[in-house]
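> Input structure: final_32.csv, which contains CSV, C-alpha atoms.
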chain,number,residue,atom,x,y,z
A,1,MET,CA,101.4,87.7,126.9
A,2,SER,CA,104.1,86.5,124.5
A,3,GLY,CA,103.4,83.2,122.7
A,4,PRO,CA,105.4,80.8,120.5
A,5,SER,CA,105.0,83.0,117.5
A,6,ALA,CA,106.2,86.2,119.2
A,7,ARG,CA,109.3,87.5,117.4
A,8,PRO,CA,112.2,88.9,119.4
A,9,VAL,CA,112.9,92.6,119.0
A,10,VAL,CA,116.2,94.4,119.5
A,11,VAL,CA,115.7,98.1,120.2
A,12,VAL,CA,118.7,100.4,119.7
A,13,GLY,CA,118.2,103.9,121.2
A,14,ASP,CA,118.3,106.3,124.1
A,15,LEU,CA,117.9,105.7,127.8
A,16,MET,CA,117.3,109.0,129.6
A,17,VAL,CA,116.1,110.5,132.8
A,18,ASP,CA,113.1,112.8,132.1
A,19,VAL,CA,112.6,115.8,134.3
A,20,VAL,CA,109.0,116.6,133.6
A,21,ALA,CA,107.5,120.0,134.4
A,22,ARG,CA,103.7,120.1,133.9
A,23,MET,CA,102.9,123.8,133.6
A,24,ALA,CA,99.7,125.2,135.0
A,25,ALA,CA,99.8,128.1,132.6
A,26,PRO,CA,101.6,129.2,129.5
A,27,LEU,CA,105.4,129.6,130.0
A,28,ALA,CA,106.1,133.1,131.4
A,29,ALA,CA,109.5,133.8,129.7
A,30,GLY,CA,111.9,135.5,132.1
A,31,SER,CA,109.6,134.9,135.1
A,32,ASP,CA,107.9,132.2,137.1
A,33,THR,CA,105.3,129.6,135.8
A,34,PRO,CA,103.7,127.3,138.5
A,35,ALA,CA,104.4,123.7,137.6
A,36,GLN,CA,104.4,120.1,139.0
A,37,VAL,CA,107.9,118.7,138.6
A,38,ARG,CA,109.0,115.1,138.8
A,39,SER,CA,111.8,112.9,137.5
A,40,ARG,CA,111.4,109.5,135.9
A,41,PRO,CA,113.3,107.2,133.5
A,42,GLY,CA,112.6,107.8,129.9
A,43,GLY,CA,114.2,108.0,126.4
A,44,ALA,CA,112.7,106.9,123.1
A,45,GLY,CA,114.5,103.6,123.0
A,46,ALA,CA,113.7,102.7,126.6
A,47,ASN,CA,110.0,103.7,126.3
A,48,VAL,CA,109.5,101.7,123.1
A,49,ALA,CA,111.2,98.7,124.7
A,50,ALA,CA,109.1,98.9,127.8
A,51,TRP,CA,105.8,99.2,125.9
A,52,LEU,CA,106.9,96.3,123.6
A,53,ALA,CA,107.3,94.1,126.6
A,54,VAL,CA,103.9,95.2,127.9
A,55,ALA,CA,102.4,94.3,124.5
A,56,GLY,CA,103.9,90.8,124.8
A,57,ALA,CA,107.0,91.0,122.6
A,58,PRO,CA,110.4,89.6,123.8
A,59,VAL,CA,112.6,92.6,123.7
A,60,THR,CA,116.2,93.6,124.3
A,61,LEU,CA,117.2,97.3,124.8
A,62,VAL,CA,120.7,98.3,123.5
A,63,ALA,CA,121.7,101.6,125.1
A,64,ARG,CA,124.4,103.4,127.1
A,65,ALA,CA,124.0,105.0,130.5
A,66,GLY,CA,126.1,106.5,133.3
A,67,ASP,CA,127.4,104.7,136.3
A,68,ASP,CA,124.8,106.4,138.5
A,69,ASP,CA,121.7,105.6,140.5
A,70,ALA,CA,119.4,107.0,137.8
A,71,ALA,CA,120.6,104.4,135.3
A,72,ARG,CA,120.5,101.6,137.9
A,73,GLY,CA,116.9,102.5,138.7
A,74,ALA,CA,115.9,102.7,135.1
A,75,VAL,CA,117.4,99.4,134.2
A,76,ALA,CA,115.7,97.7,137.2
A,77,ARG,CA,112.3,99.1,136.1
A,78,LEU,CA,112.9,98.0,132.5
A,79,ALA,CA,113.7,94.5,133.7
A,80,GLY,CA,110.6,94.6,135.8
A,81,HIS,CA,108.5,95.2,132.7
A,82,GLY,CA,110.2,92.2,131.0
A,83,VAL,CA,112.8,94.0,129.0
A,84,THR,CA,116.3,92.4,128.6
A,85,PRO,CA,118.6,95.3,129.2
A,86,ALA,CA,121.9,95.4,127.2
A,87,VAL,CA,122.9,98.7,128.7
A,88,ALA,CA,126.6,99.6,128.6
A,89,VAL,CA,127.9,101.6,131.6
A,90,ASP,CA,129.9,104.6,130.7
A,91,PRO,CA,132.7,105.3,133.2
A,92,SER,CA,132.7,109.1,132.8
A,93,LEU,CA,129.5,110.4,131.2
A,94,PRO,CA,126.3,110.6,133.2
A,95,THR,CA,123.0,109.1,132.2
A,96,GLY,CA,121.3,111.4,129.6
A,97,THR,CA,118.7,113.9,130.9
A,98,CYS,CA,115.7,115.5,129.1
A,99,VAL,CA,113.8,118.4,130.5
A,100,VAL,CA,110.2,118.0,129.3
A,101,LEU,CA,107.9,121.1,129.4
A,102,VAL,CA,104.3,119.9,129.3
A,103,ALA,CA,101.7,122.6,128.5
A,104,ALA,CA,98.2,122.6,130.0
A,105,ASP,CA,96.8,120.9,126.9
A,106,GLY,CA,99.2,118.0,127.2
A,107,GLU,CA,101.6,119.0,124.4
A,108,ARG,CA,105.3,118.9,125.3
A,109,SER,CA,108.6,120.5,124.3
A,110,MET,CA,111.9,118.8,125.2
A,111,LEU,CA,115.4,120.0,126.1
A,112,PRO,CA,117.6,116.9,125.8
A,113,ASP,CA,121.2,116.4,127.1
A,114,ALA,CA,122.4,113.1,125.5
A,115,GLY,CA,124.9,112.3,128.2
A,116,ALA,CA,126.2,108.8,127.9
A,117,ASN,CA,123.9,108.2,124.9
A,118,ALA,CA,126.4,110.3,122.9
A,119,ALA,CA,129.0,107.5,123.5
A,120,LEU,CA,127.0,104.5,122.3
A,121,ALA,CA,129.4,102.5,120.2
A,122,PRO,CA,129.4,99.4,118.0
A,123,ALA,CA,131.1,97.4,120.9
A,124,ASP,CA,127.9,97.9,122.9
A,125,LEU,CA,125.9,95.8,120.5
A,126,PRO,CA,125.3,92.3,122.0
A,127,ASP,CA,126.6,89.5,119.9
A,128,GLY,CA,123.7,87.0,120.3
A,129,ALA,CA,120.8,89.4,119.7
A,130,PHE,CA,121.0,89.6,115.9
A,131,ALA,CA,119.6,86.4,114.6
A,132,ARG,CA,117.2,85.3,111.9
A,133,GLY,CA,113.6,85.6,112.9
A,134,ALA,CA,114.3,88.7,115.1
A,135,HIS,CA,113.5,92.3,114.3
A,136,LEU,CA,115.6,95.4,114.7
A,137,HIS,CA,114.0,98.7,115.7
A,138,LEU,CA,116.2,101.8,115.4
A,139,THR,CA,115.4,105.2,116.9
A,140,GLY,CA,116.7,108.1,114.9
A,141,TYR,CA,118.8,109.8,117.6
A,142,PRO,CA,121.9,107.6,117.2
A,143,LEU,CA,121.9,108.2,113.4
A,144,LEU,CA,121.6,111.9,114.0
A,145,ARG,CA,124.7,112.0,116.3
A,146,ASP,CA,128.2,112.1,114.8
A,147,GLY,CA,130.8,109.5,115.8
A,148,PRO,CA,130.3,106.3,117.7
A,149,PRO,CA,126.5,106.4,118.0
A,150,ARG,CA,126.0,106.6,114.3
A,151,ALA,CA,128.5,103.9,113.8
A,152,ALA,CA,126.6,101.8,116.3
A,153,ALA,CA,123.3,102.3,114.5
A,154,LEU,CA,124.8,101.5,111.1
A,155,GLU,CA,126.5,98.4,112.5
A,156,ALA,CA,123.2,97.3,114.1
A,157,ARG,CA,121.5,97.6,110.7
A,158,ARG,CA,124.3,95.8,108.9
A,159,ARG,CA,124.2,92.9,111.4
A,160,ALA,CA,120.4,92.7,111.2
A,161,ARG,CA,120.4,92.6,107.4
A,162,ALA,CA,123.2,90.0,107.4
A,163,ALA,CA,121.0,87.8,109.7
A,164,GLY,CA,117.9,88.2,107.6
A,165,MET,CA,116.1,90.4,110.2
A,166,THR,CA,113.4,92.9,109.4
A,167,VAL,CA,114.2,96.6,110.3
A,168,SER,CA,112.0,99.5,111.5
A,169,LEU,CA,113.0,103.1,112.0
A,170,ASP,CA,111.5,105.9,114.1
A,171,PRO,CA,113.1,109.2,112.8
A,172,SER,CA,112.6,110.6,116.4
A,173,SER,CA,112.3,114.4,116.1
A,174,ALA,CA,111.5,116.9,113.3
A,175,ALA,CA,113.8,119.8,114.4
A,176,PRO,CA,117.0,117.7,114.5
A,177,LEU,CA,116.0,116.1,111.2
A,178,GLU,CA,115.7,119.5,109.6
A,179,ALA,CA,119.0,120.7,111.0
A,180,PHE,CA,120.8,117.4,110.0
A,181,GLY,CA,119.3,117.4,106.5
A,182,PRO,CA,116.4,115.1,105.5
A,183,GLU,CA,118.0,113.7,102.4
A,184,ARG,CA,121.2,113.0,104.3
A,185,PHE,CA,119.3,111.2,107.0
A,186,LEU,CA,117.3,109.1,104.5
A,187,ALA,CA,120.6,108.2,102.7
A,188,LEU,CA,122.2,107.0,106.0
A,189,ALA,CA,119.1,105.1,107.1
A,190,GLY,CA,119.0,103.1,103.9
A,191,GLU,CA,115.9,101.2,102.9
A,192,VAL,CA,114.0,99.8,105.9
A,193,ASP,CA,110.9,97.5,106.1
A,194,LEU,CA,108.9,100.0,108.3
A,195,LEU,CA,109.4,103.7,108.6
A,196,MET,CA,107.4,105.3,111.5
A,197,PRO,CA,107.5,109.1,111.6
A,198,ASN,CA,105.0,111.4,113.2
A,199,ARG,CA,103.3,114.1,111.1
A,200,ASP,CA,106.0,116.7,111.5
A,201,GLU,CA,108.8,114.2,110.8
A,202,ALA,CA,107.0,112.9,107.7
A,203,VAL,CA,106.6,116.2,106.1
A,204,THR,CA,110.1,117.2,107.0
A,205,LEU,CA,111.6,114.1,105.5
A,206,ALA,CA,109.4,114.1,102.3
A,207,GLY,CA,109.4,117.9,101.8
A,208,ALA,CA,105.6,117.7,101.5
A,209,SER,CA,102.9,119.7,103.3
A,210,ASP,CA,100.4,116.9,103.5
A,211,PRO,CA,101.3,114.0,105.8
A,212,ARG,CA,99.4,111.4,103.7
A,213,ALA,CA,101.2,112.5,100.6
A,214,ALA,CA,104.5,112.4,102.6
A,215,ALA,CA,103.8,108.9,103.6
A,216,ARG,CA,103.3,107.7,100.0
A,217,ALA,CA,106.5,109.6,99.0
A,218,LEU,CA,108.5,108.0,101.8
A,219,CYS,CA,107.7,104.5,100.4
A,220,ALA,CA,110.7,105.2,98.1
A,221,HIS,CA,112.8,104.5,101.3
A,222,ALA,CA,110.7,101.9,103.1
A,223,ARG,CA,108.5,98.9,102.3
A,224,GLU,CA,105.8,100.3,104.5
A,225,VAL,CA,105.3,103.7,106.2
A,226,VAL,CA,103.1,104.5,109.2
A,227,VAL,CA,102.5,108.2,110.1
A,228,THR,CA,100.9,109.2,113.4
A,229,LEU,CA,98.6,112.2,113.2
A,230,GLY,CA,97.9,113.0,116.8
A,231,ALA,CA,94.2,113.3,117.5
A,232,GLU,CA,93.4,112.3,113.9
A,233,GLY,CA,94.8,108.8,114.5
A,234,ALA,CA,97.3,107.3,112.1
A,235,VAL,CA,97.8,106.2,108.5
A,236,TRP,CA,99.6,103.3,106.9
A,237,THR,CA,100.7,102.8,103.3
A,238,ASP,CA,102.9,100.6,101.1
A,239,GLY,CA,102.7,103.1,98.3
A,240,SER,CA,99.7,101.5,96.6
A,241,ALA,CA,97.3,100.5,99.4
A,242,THR,CA,96.4,102.7,102.3
A,243,ALA,CA,94.8,102.1,105.7
A,244,ALA,CA,93.8,104.6,108.4
A,245,ALA,CA,92.5,104.4,111.9
A,246,PRO,CA,91.1,107.2,114.2
A,247,ALA,CA,92.8,107.8,117.5
A,248,ALA,CA,91.4,105.7,120.3
A,249,ALA,CA,89.3,107.4,122.9
A,250,ALA,CA,91.3,108.5,126.0
A,251,GLY,CA,90.5,110.1,129.2
A,252,PRO,CA,91.8,113.5,130.3
A,253,VAL,CA,95.2,114.2,128.8
A,254,ALA,CA,97.9,114.2,131.5
A,255,ASP,CA,100.6,114.8,128.9
A,256,THR,CA,101.5,113.3,125.6
A,257,THR,CA,105.1,112.3,126.5
A,258,GLY,CA,105.6,108.7,125.5
A,259,ALA,CA,102.4,108.3,123.5
A,260,GLY,CA,104.3,108.1,120.2
A,261,ASP,CA,106.6,105.5,121.7
A,262,ALA,CA,103.6,103.5,122.9
A,263,PHE,CA,102.1,103.7,119.4
A,264,THR,CA,105.3,102.5,117.8
A,265,ALA,CA,105.4,99.5,120.2
A,266,GLY,CA,101.8,98.7,119.7
A,267,PHE,CA,102.0,98.7,115.9
A,268,LEU,CA,105.3,96.7,115.9
A,269,ALA,CA,104.0,94.1,118.3
A,270,ALA,CA,100.9,93.5,116.1
A,271,TRP,CA,102.8,93.8,112.8
A,272,LEU,CA,105.4,91.3,113.9
A,273,ARG,CA,102.6,88.8,114.8
A,274,GLY,CA,101.3,89.1,111.2
A,275,ALA,CA,98.4,91.5,111.9
A,276,ALA,CA,96.9,93.3,108.9
A,277,PRO,CA,97.7,97.1,108.8
A,278,PRO,CA,94.2,98.2,110.0
A,279,GLU,CA,94.4,95.8,112.9
A,280,ALA,CA,97.9,96.9,113.8
A,281,LEU,CA,96.8,100.6,113.6
A,282,VAL,CA,94.0,99.9,116.0
A,283,ALA,CA,96.3,98.1,118.5
A,284,ALA,CA,98.8,101.0,118.2
A,285,ASN,CA,96.3,103.7,118.9
A,286,ALA,CA,94.9,101.8,121.8
A,287,LEU,CA,98.4,101.6,123.4
A,288,ALA,CA,99.0,105.2,122.7
A,289,ALA,CA,95.7,106.1,124.4
A,290,ARG,CA,96.8,104.0,127.4
A,291,ALA,CA,100.0,106.0,127.6
A,292,ILE,CA,98.2,109.3,127.5
A,293,GLU,CA,95.9,108.3,130.3
A,294,VAL,CA,98.8,107.5,132.6
A,295,ALA,CA,99.8,110.5,134.7
A,296,SER,CA,103.5,109.9,134.1
A,297,GLY,CA,103.0,109.4,130.4
A,298,SER,CA,105.9,107.1,130.0
A,299,THR,CA,106.4,103.4,130.6
A,300,GLY,CA,110.1,104.0,131.2
A,301,ALA,CA,109.2,104.9,134.8
A,302,ASP,CA,105.9,103.9,136.4
A,303,GLY,CA,103.4,104.2,133.6
A,304,ALA,CA,103.2,100.6,132.4
A,305,GLY,CA,103.7,99.1,135.8
A,306,ARG,CA,100.9,101.3,137.2
A,307,ASP,CA,98.6,100.3,134.3
A,308,VAL,CA,99.3,96.6,134.0
Could I get this structure in the form of structure tokens?


Amino acid sequence: MSGPSARPVVVVGDLMVDVVARMAAPLAAGSDTPAQVRSRPGGAGANVAAWLAVAGAPVTLVARAGDDDAARGAVARLAGHGVTPAVAVDPSLPTGTCVVLVAADGERSMLPDAGANAALAPADLPDGAFARGAHLHLTGYPLLRDGPPRAAALEARRRARAAGMTVSLDPSSAAPLEAFGPERFLALAGEVDLLMPNRDEAVTLAGASDPRAAARALCAHAREVVVTLGAEGAVWTDGSATAAAPAAAAGPVADTTGAGDAFTAGFLAAWLRGAAPPEALVAANALAARAIEVASGSTGADGAGRDV
């Protein structure tokens, strides 16, 4: 539950529809692979916002979606979790869609179509959300997109800094970062208070093979860095001190979709309450384990509601 000390969070990122195919066997290229297929709301921004609300943080999601039933259903679910939706409606582009292929071991590969997310613009940013005492969380996808989305992300960061807000950044995905250019991405992102890559993103951004060394190197661009290491847990550093925590015990893996977003939300919620890094890492790993245990794997649809 949120208390008097809970700091409001503004999340700027994607709202998507995930089409999840849980494969019963390795993908048979050019042929058939039995799978369980379902659709649900998703998107990194929406997932982080929903899990933040579950963790007790007052949160606003800034995103853009189509004028369609998928978006209306997603917004209603987010509001049900306690998120304040600031979701602009695009008159021509549909809500973004991501095809998620989940292997038998729970690992996933994604095929995203940004849809209306590619038209997120500075005009979509709500005026009253950027205020002293609040926190801005940016997902990397808007920065990685040319045109209005990048302008929106940069304007959100400018407004946050002008208001004296703290800023965190999730780089979002290693392959697009590599294609975009790690140095270019870090230059656009500017210095943030908290950088939250996963293992692959950290080594891509830092040009290092060891994620712990990458975390220390990335402190040149962030006051604090947290790197998720999958089954090995996560590590935090400010460039001098370091803290680590093992992954929380979880039941059978349904799929890992949304686990990183839940970790981000869990760490942020604790960090914004003033928790020490070891305590915040434990809270983050616990929320990630909770996401993994949910069959949908994402709070954007039914996961958090089913588990709360």

> Residues near Ala119 (chain A), anyone? I mean within 8 Å using all atoms listed in the file, not counting same-chain ones fewer than 6 positions away, as a PyMOL selection string.

chain A and resi 64+90+148-149

> Kindly indicate which residue among A:Asp18, A:Asp69, A:Asp261, A:Asp238 lies nearest to Arg290 (chain A), using all atoms listed in the file for the distances.

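Of all the options, A:Asp261 lies closest to Arg290 (chain A).
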
> At most 8 Å from (121.9, 113.3, 112.2), file frame, only C-alpha atoms: which residues, as a tab-separated table (two decimals) with C-alpha atoms, in the frame of the given file?


chain	number	residue	atom	x	y	z
A	140	GLY	CA	116.70	108.10	114.90
A	141	TYR	CA	118.80	109.80	117.60
A	142	PRO	CA	121.90	107.60	117.20
A	143	LEU	CA	121.90	108.20	113.40
A	144	LEU	CA	121.60	111.90	114.00
A	145	ARG	CA	124.70	112.00	116.30
A	146	ASP	CA	128.20	112.10	114.80
A	176	PRO	CA	117.00	117.70	114.50
A	177	LEU	CA	116.00	116.10	111.20
A	180	PHE	CA	120.80	117.40	110.00
A	181	GLY	CA	119.30	117.40	106.50
A	184	ARG	CA	121.20	113.00	104.30
A	185	PHE	CA	119.30	111.20	107.00

> For each of A:Ala208, A:Leu120, A:Ala21, A:Leu287, take the minimum atom-to-atom distance to Ala103 (chain A), counting only C-alpha atoms, then give the residue where this is smallest.

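Result for the nearest residue to Ala103 (chain A): A:Ala21.
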
> Measuring atom to atom with all atoms listed in the file, identify which of A:Val37, A:Ala289, A:Val11, A:Val102 is nearest to Val62 (chain A).

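The shortest atom-to-atom distance to Val62 (chain A) comes from A:Val11.
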
> Write out, as JSON lines, each residue of region 38-109 of chain A that has an atom at most 8 Å from region 262-272 of chain A, together with the closest pair of atoms and their distance in Å to one decimal, counting all atoms listed in the file, rows going by chain and rising number.


{"residue": "A:Asn47", "atom": "CA", "partner": "A:Ala262", "partner_atom": "CA", "distance": 7.2}
{"residue": "A:Val48", "atom": "CA", "partner": "A:Ala265", "partner_atom": "CA", "distance": 5.5}
{"residue": "A:Ala49", "atom": "CA", "partner": "A:Ala265", "partner_atom": "CA", "distance": 7.4}
{"residue": "A:Trp51", "atom": "CA", "partner": "A:Ala262", "partner_atom": "CA", "distance": 5.7}
{"residue": "A:Leu52", "atom": "CA", "partner": "A:Ala265", "partner_atom": "CA", "distance": 4.9}
{"residue": "A:Ala55", "atom": "CA", "partner": "A:Ala269", "partner_atom": "CA", "distance": 6.4}
{"residue": "A:Gly56", "atom": "CA", "partner": "A:Ala269", "partner_atom": "CA", "distance": 7.3}
{"residue": "A:Ala57", "atom": "CA", "partner": "A:Ala269", "partner_atom": "CA", "distance": 6.1}

> Write to file, as an mmCIF file, in the frame of the given file, the residues of the selection just made, with C-alpha atoms.


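And here's part30.cif as it stands now:
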data_model
loop_
_atom_site.group_PDB
_atom_site.id
_atom_site.type_symbol
_atom_site.label_atom_id
_atom_site.label_comp_id
_atom_site.auth_asym_id
_atom_site.auth_seq_id
_atom_site.Cartn_x
_atom_site.Cartn_y
_atom_site.Cartn_z
ATOM 1 C CA ASN A 47 110.000 103.700 126.300
ATOM 2 C CA VAL A 48 109.500 101.700 123.100
ATOM 3 C CA ALA A 49 111.200 98.700 124.700
ATOM 4 C CA TRP A 51 105.800 99.200 125.900
ATOM 5 C CA LEU A 52 106.900 96.300 123.600
ATOM 6 C CA ALA A 55 102.400 94.300 124.500
ATOM 7 C CA GLY A 56 103.900 90.800 124.800
ATOM 8 C CA ALA A 57 107.000 91.000 122.600
#
